[in-house]
Every structure is written in structure tokens, then in C-alpha cells.
Amino acid sequence: MEYVSAVFDCSDPDEREAGIRAAVGAVRAGRLIVMPTDTVYGLGCDAFDSEAVASLLAAKGRGRDMPVPVLVGSWHTVDGLVRSVSPQARELVQAFWPGGLSLVVEQAPSLAWDLGDTSGSVMIRMPLHPVAIELLREIGPMAVSSANISGHPPAVQVHQAREQLQEKVSVYLDGGPADHAVASTIVDLTGPDPRILREGAITAEDIAEVLDVDADELRGRP
């Protein structure tokens, strides 16, 4: 079934309320939405709806070998999603969440979700954006990837997302230009030592200071 996309201007309080209501309904019905975050716009769905996640990957033109990250609306949500929260993970969460830091951790083995070929890990972030937080607290954990077709530039304004994804998305929430327009920094905590997989919104030096390690070690340099 084809759905006609709706765009809501979240700078208008009434339209924002209607948009969030529409987005929640769409996600619960297994459809895709585009939402503002503090980094770039995100293409999202219910993290526990495997068909919706498959639709998200198809909309981006990505395979299962590039699993979808998960956004959460509170620190406490993480405890139910990961095998165990290490002291390093807690230090980074307290220092940089909500914000531009994504953590790759071992997921809880009991989780009934399919985010792609994750090899037992999951990438989690809590965004610093009021619209995103409101959505996440209403819906719960969401599978969210950058709102673009794979290989194209990430959308930093809602019209860029719409030009690429068009009617594959049910609801577009317009939060204005992305604050930072740069992707999150990714830190892998699944190995014996933390490693930065992608340096973005948070610098390696800031992360190194929190963890009391050397920034070059985080980058994997000798």
C-alpha cells in the first residue's frame, strides 16, 4: 500500500504536536519516519519491528551487512538493551549523553530484534534534540540511520531527506537545519580496549580525557 507523505513544521507548537502524534502512529504501524536529531536528520522505525527495519535498509539501498543503529530517549533504557554496561560505557554516557556519541556494545542476548548482521553488538546513542527525545520517550528504542540513500550526502535539512526518500517515508518532521551537521563519533566498546571507529561530533581528545587514555590509542595508532 502506498502512503502519501506528510511534512510537519516543528517550529510551530500545534504542528509539532500533530507531527509527533502522526509520527508515533506511523512507527507503531510499521512505517518509516524522518526526524531531526542534533547531528543529521534520521530515518527511523520501531527497533523491534523486523519488517520495518528491513524496509528502512531497502529505502536507503543498504544491505544487512550495515546494521541499523538504535536511538534511545533516556540513559536508563540502555540497561535493558546491553549484555552489561561497563564502567567505561557509564563514564561516556554520563559525559556525552544526550549528544553526538554513539557506543558499540554487546547487546542483551534476549532481545527480539533484527537490525541486520550485528554479530551480537548494537550501536546506541541518545540524541540531544527535543523532538527526537519526545518521540523516543513515547515510542521506545528506535532503529535510526541517517536520512539519505546510501552513498549520498546525509540530510541536514528535511527537504534534502525528502528529495532522496520521497514517498518511502510516511512522516517528515521538520526541525530546521541540523545544529551540527556532522555525524556522531562512534566508539567501539566490545573489545578489550575502546576504539574510535569514526571521529565526528565529539573529539578523540575529549573522549580520551574522560577515559583517562591516550587519544592516539583510541584511534588505533601505536
# chains A, B, ... in the order shown; residues from 1 in each chain; ligands from 1
$ residues_around --residues "Asp114 in chain A" --least-positions-apart "4" --cutoff "10 Å" --atoms "only C-alpha atoms" --output "JSON list (two decimals) with N, CA and C atoms, in the first residue's frame"
[["chain", "number", "residue", "atom", "x", "y", "z"],
["A", 47, "ALA", "N", 12.51, -0.24, 16.58],
["A", 47, "ALA", "CA", 13.67, -1.12, 16.58],
["A", 47, "ALA", "C", 13.28, -2.60, 16.69],
["A", 48, "PHE", "N", 12.08, -2.87, 17.22],
["A", 48, "PHE", "CA", 11.68, -4.26, 17.45],
["A", 48, "PHE", "C", 10.78, -4.80, 16.33],
["A", 49, "ASP", "N", 10.58, -4.00, 15.27],
["A", 49, "ASP", "CA", 9.76, -4.42, 14.13],
["A", 49, "ASP", "C", 10.71, -4.79, 12.99],
["A", 50, "SER", "N", 10.97, -6.08, 12.83],
["A", 50, "SER", "CA", 11.99, -6.51, 11.86],
["A", 50, "SER", "C", 11.60, -6.18, 10.43],
["A", 51, "GLU", "N", 10.31, -6.21, 10.12],
["A", 51, "GLU", "CA", 9.87, -5.86, 8.77],
["A", 51, "GLU", "C", 10.12, -4.38, 8.49],
["A", 52, "ALA", "N", 9.87, -3.54, 9.48],
["A", 52, "ALA", "CA", 10.11, -2.10, 9.33],
["A", 52, "ALA", "C", 11.61, -1.83, 9.16],
["A", 53, "VAL", "N", 12.43, -2.54, 9.92],
["A", 53, "VAL", "CA", 13.89, -2.37, 9.78],
["A", 53, "VAL", "C", 14.34, -2.79, 8.39],
["A", 54, "ALA", "N", 13.77, -3.87, 7.87],
["A", 54, "ALA", "CA", 14.09, -4.31, 6.50],
["A", 54, "ALA", "C", 13.67, -3.24, 5.49],
["A", 64, "ARG", "N", 22.12, -5.97, 4.74],
["A", 64, "ARG", "CA", 22.13, -6.37, 6.15],
["A", 64, "ARG", "C", 23.53, -6.29, 6.75],
["A", 67, "PRO", "N", 24.26, -2.90, 9.64],
["A", 67, "PRO", "CA", 23.11, -2.88, 10.55],
["A", 67, "PRO", "C", 22.76, -1.47, 11.01],
["A", 68, "VAL", "N", 21.51, -1.33, 11.45],
["A", 68, "VAL", "CA", 20.97, -0.01, 11.80],
["A", 68, "VAL", "C", 21.27, 0.31, 13.27],
["A", 118, "THR", "N", 24.55, -8.07, 12.96],
["A", 118, "THR", "CA", 25.21, -7.29, 14.01],
["A", 118, "THR", "C", 26.31, -8.06, 14.73],
["A", 143, "ALA", "N", 15.16, 2.16, 15.68],
["A", 143, "ALA", "CA", 16.24, 1.94, 14.72],
["A", 143, "ALA", "C", 16.31, 3.18, 13.84]]
$ closest_atom_pairs --of "range 104-187 of chain A" --to "range 76-93 of chain A" --cutoff "8 Å" --atoms "only C-alpha atoms" --output "CSV"
residue,atom,partner,partner_atom,distance
A:Val105,CA,A:Val82,CA,6.7
A:Glu106,CA,A:Arg83,CA,5.7
A:Gln107,CA,A:Val82,CA,4.0
A:Ala108,CA,A:Arg83,CA,4.1
A:Pro109,CA,A:Arg83,CA,6.8
A:Leu111,CA,A:Leu81,CA,7.1
A:Ile124,CA,A:Val78,CA,8.0
A:Pro141,CA,A:Thr77,CA,7.8
$ write_last_selection --atoms "N, CA, C and O atoms" --output "PDB file, in the first residue's frame"
ATOM      1  N   VAL A 105      28.233  -1.664  21.631  1.00  0.00           N
ATOM      2  CA  VAL A 105      28.321  -2.524  22.811  1.00  0.00           C
ATOM      3  C   VAL A 105      27.713  -3.888  22.486  1.00  0.00           C
ATOM      4  O   VAL A 105      27.016  -4.041  21.478  1.00  0.00           O
ATOM      5  N   GLU A 106      27.971  -4.871  23.355  1.00  0.00           N
ATOM      6  CA  GLU A 106      27.346  -6.184  23.176  1.00  0.00           C
ATOM      7  C   GLU A 106      25.892  -6.090  23.599  1.00  0.00           C
ATOM      8  O   GLU A 106      25.582  -5.635  24.698  1.00  0.00           O
ATOM      9  N   GLN A 107      24.992  -6.531  22.711  1.00  0.00           N
ATOM     10  CA  GLN A 107      23.573  -6.433  23.030  1.00  0.00           C
ATOM     11  C   GLN A 107      23.147  -7.551  23.975  1.00  0.00           C
ATOM     12  O   GLN A 107      23.798  -8.594  24.050  1.00  0.00           O
ATOM     13  N   ALA A 108      22.041  -7.324  24.692  1.00  0.00           N
ATOM     14  CA  ALA A 108      21.492  -8.369  25.551  1.00  0.00           C
ATOM     15  C   ALA A 108      21.040  -9.535  24.678  1.00  0.00           C
ATOM     16  O   ALA A 108      20.341  -9.338  23.682  1.00  0.00           O
ATOM     17  N   PRO A 109      21.415 -10.776  25.037  1.00  0.00           N
ATOM     18  CA  PRO A 109      21.095 -11.918  24.173  1.00  0.00           C
ATOM     19  C   PRO A 109      19.599 -12.184  24.055  1.00  0.00           C
ATOM     20  O   PRO A 109      19.163 -12.827  23.106  1.00  0.00           O
ATOM     21  N   LEU A 111      17.220 -10.045  23.431  1.00  0.00           N
ATOM     22  CA  LEU A 111      16.478  -9.065  22.641  1.00  0.00           C
ATOM     23  C   LEU A 111      15.891  -9.682  21.370  1.00  0.00           C
ATOM     24  O   LEU A 111      16.590 -10.331  20.604  1.00  0.00           O
ATOM     25  N   ILE A 124      24.400   2.341  19.922  1.00  0.00           N
ATOM     26  CA  ILE A 124      23.357   3.068  20.650  1.00  0.00           C
ATOM     27  C   ILE A 124      23.771   4.522  20.858  1.00  0.00           C
ATOM     28  O   ILE A 124      24.943   4.814  21.110  1.00  0.00           O
ATOM     29  N   PRO A 141      12.925   2.493  22.124  1.00  0.00           N
ATOM     30  CA  PRO A 141      14.093   2.454  21.243  1.00  0.00           C
ATOM     31  C   PRO A 141      13.691   2.402  19.771  1.00  0.00           C
ATOM     32  O   PRO A 141      12.795   1.650  19.387  1.00  0.00           O
TER      33      PRO A 141
END
$ residues_around --residues "Ala95 in chain A" --least-positions-apart "5" --cutoff "12 Å" --atoms "only C-alpha atoms" --output "list in words"
Trp75, Gln88, Ala89, Arg90, Gly100, Leu101, Met126, Ile202, Asp206, Ile207, Ala208, Glu209, Val210 and Leu211 of chain A
$ write_last_selection --atoms "C-alpha atoms" --output "PDB file, in the first residue's frame"
ATOM      1  CA  TRP A  75      20.148   6.748  29.965  1.00  0.00           C
ATOM      2  CA  GLN A  88      33.792   2.920  30.588  1.00  0.00           C
ATOM      3  CA  ALA A  89      30.359   2.940  28.948  1.00  0.00           C
ATOM      4  CA  ARG A  90      28.822   4.599  32.032  1.00  0.00           C
ATOM      5  CA  GLY A 100      26.926  13.218  19.437  1.00  0.00           C
ATOM      6  CA  LEU A 101      28.479   9.997  20.764  1.00  0.00           C
ATOM      7  CA  MET A 126      20.854   9.320  22.921  1.00  0.00           C
ATOM      8  CA  ILE A 202      32.934  14.518  19.778  1.00  0.00           C
ATOM      9  CA  ASP A 206      37.544  14.756  24.755  1.00  0.00           C
ATOM     10  CA  ILE A 207      36.838  11.018  24.912  1.00  0.00           C
ATOM     11  CA  ALA A 208      40.426  10.260  25.941  1.00  0.00           C
ATOM     12  CA  GLU A 209      40.173  12.752  28.796  1.00  0.00           C
ATOM     13  CA  VAL A 210      37.036  11.075  30.182  1.00  0.00           C
ATOM     14  CA  LEU A 211      38.506   7.564  29.903  1.00  0.00           C
TER      15      LEU A 211
END
$ residues_around --residues "Leu57 in chain A" --least-positions-apart "5" --cutoff "12 Å" --atoms "only C-alpha atoms" --output "list in words"
Leu32, Leu43, Gly44, Cys45, Ser50, Glu51, Ala52, Arg62, Gly63, Arg64, Asp65, Met66, Pro67, Val68, Pro69, Asp114, Leu115, Gly116, Asp117, Ala143, Val144, Ser145, Ser146, Ala147, Asn148, Ile149, Ser150, Leu165 and Lys168 of chain A
$ write_last_selection --atoms "C-alpha atoms" --output "short mmCIF file (atom, residue, chain, number, x, y, z; two decimals), in the first residue's frame"
data_model
loop_
_atom_site.label_atom_id
_atom_site.label_comp_id
_atom_site.auth_asym_id
_atom_site.auth_seq_id
_atom_site.Cartn_x
_atom_site.Cartn_y
_atom_site.Cartn_z
CA LEU A 32 9.16 4.88 8.32
CA LEU A 43 15.36 7.79 9.06
CA GLY A 44 13.66 5.78 11.76
CA CYS A 45 11.29 2.96 12.70
CA SER A 50 11.99 -6.51 11.86
CA GLU A 51 9.87 -5.86 8.77
CA ALA A 52 10.11 -2.10 9.33
CA ARG A 62 21.75 -0.80 2.17
CA GLY A 63 22.32 -4.46 2.88
CA ARG A 64 22.13 -6.37 6.15
CA ASP A 65 25.92 -6.10 6.39
CA MET A 66 25.41 -2.47 7.51
CA PRO A 67 23.11 -2.88 10.55
CA VAL A 68 20.97 -0.01 11.80
CA PRO A 69 21.93 1.93 14.94
CA ASP A 114 16.76 -7.90 13.88
CA LEU A 115 18.81 -4.83 12.99
CA GLY A 116 20.90 -6.60 10.34
CA ASP A 117 24.04 -8.68 10.68
CA ALA A 143 16.24 1.94 14.72
CA VAL A 144 17.56 5.15 13.14
CA SER A 145 20.04 5.68 10.34
CA SER A 146 20.98 8.87 8.50
CA ALA A 147 18.12 10.05 6.28
CA ASN A 148 19.72 9.55 2.90
CA ILE A 149 20.20 6.96 0.20
CA SER A 150 23.43 5.07 0.79
CA LEU A 165 13.48 9.21 0.19
CA LYS A 168 9.09 5.71 1.15
#
$ closest_atom_pairs --of "range 36-141 of chain A" --to "range 14-23 of chain A" --cutoff "9 Å" --atoms "only C-alpha atoms" --output "JSON lines"
{"residue": "A:Val131", "atom": "CA", "partner": "A:Ile20", "partner_atom": "CA", "distance": 7.8}
{"residue": "A:Glu134", "atom": "CA", "partner": "A:Ile20", "partner_atom": "CA", "distance": 8.0}
{"residue": "A:Leu135", "atom": "CA", "partner": "A:Ile20", "partner_atom": "CA", "distance": 6.5}
$ closest_residue --among "A:Ala29, A:Val72, A:Val34, A:Asp46" --to "Leu136 in chain A" --atoms "only C-alpha atoms"
A:Val72
$ residues_around --residues "Leu128 in chain A" --least-positions-apart "6" --cutoff "8 Å" --atoms "only C-alpha atoms" --output "list in words"
Thr37, Asp38, Trp97, Pro98, Gly99 and Gly100 of chain A
$ select_by_dssp --residues "range 74-220 of chain A" --states "alpha helix (DSSP H)" --output "count of residues only"
40
$ closest_atom_pairs --of "range 40-80 of chain A" --to "range 182-199 of chain A" --cutoff "12 Å" --atoms "only C-alpha atoms" --output "Markdown table"
| residue | atom | partner | partner_atom | distance |
| --- | --- | --- | --- | --- |
| A:Val40 | CA | A:Ala183 | CA | 6.3 |
| A:Tyr41 | CA | A:Ala183 | CA | 9.7 |
| A:Gly42 | CA | A:Ala183 | CA | 10.6 |
| A:Pro69 | CA | A:Ile186 | CA | 10.7 |
| A:Leu71 | CA | A:Ser184 | CA | 11.8 |
$ closest_residue --among "A:Ala178, A:Gly73, A:Ala201, A:Val104" --to "Ala161 in chain A" --atoms "only C-alpha atoms"
A:Ala178
$ closest_residue --among "A:Ser110, A:Gly200, A:Gly120, A:His129" --to "Gly175 in chain A" --atoms "only C-alpha atoms"
A:His129
$ atom_distance --atom1 "CA of Gln164 in chain A" --atom2 "CA of Gly61 in chain A"
11.1 Å
$ atom_distance --atom1 "CA of Val171 in chain A" --atom2 "CA of Ala26 in chain A"
7.2 Å
$ atom_distance --atom1 "CA of Val158 in chain A" --atom2 "CA of Ala132 in chain A"
13.8 Å
$ select_by_dssp --residues "range 5-160 of chain A" --states "strand (DSSP E or B)" --output "VMD selection string"
chain A and resid 6 to 9 33 to 35 42 to 46 70 to 71 82 101 to 107 121 to 125 142 to 146
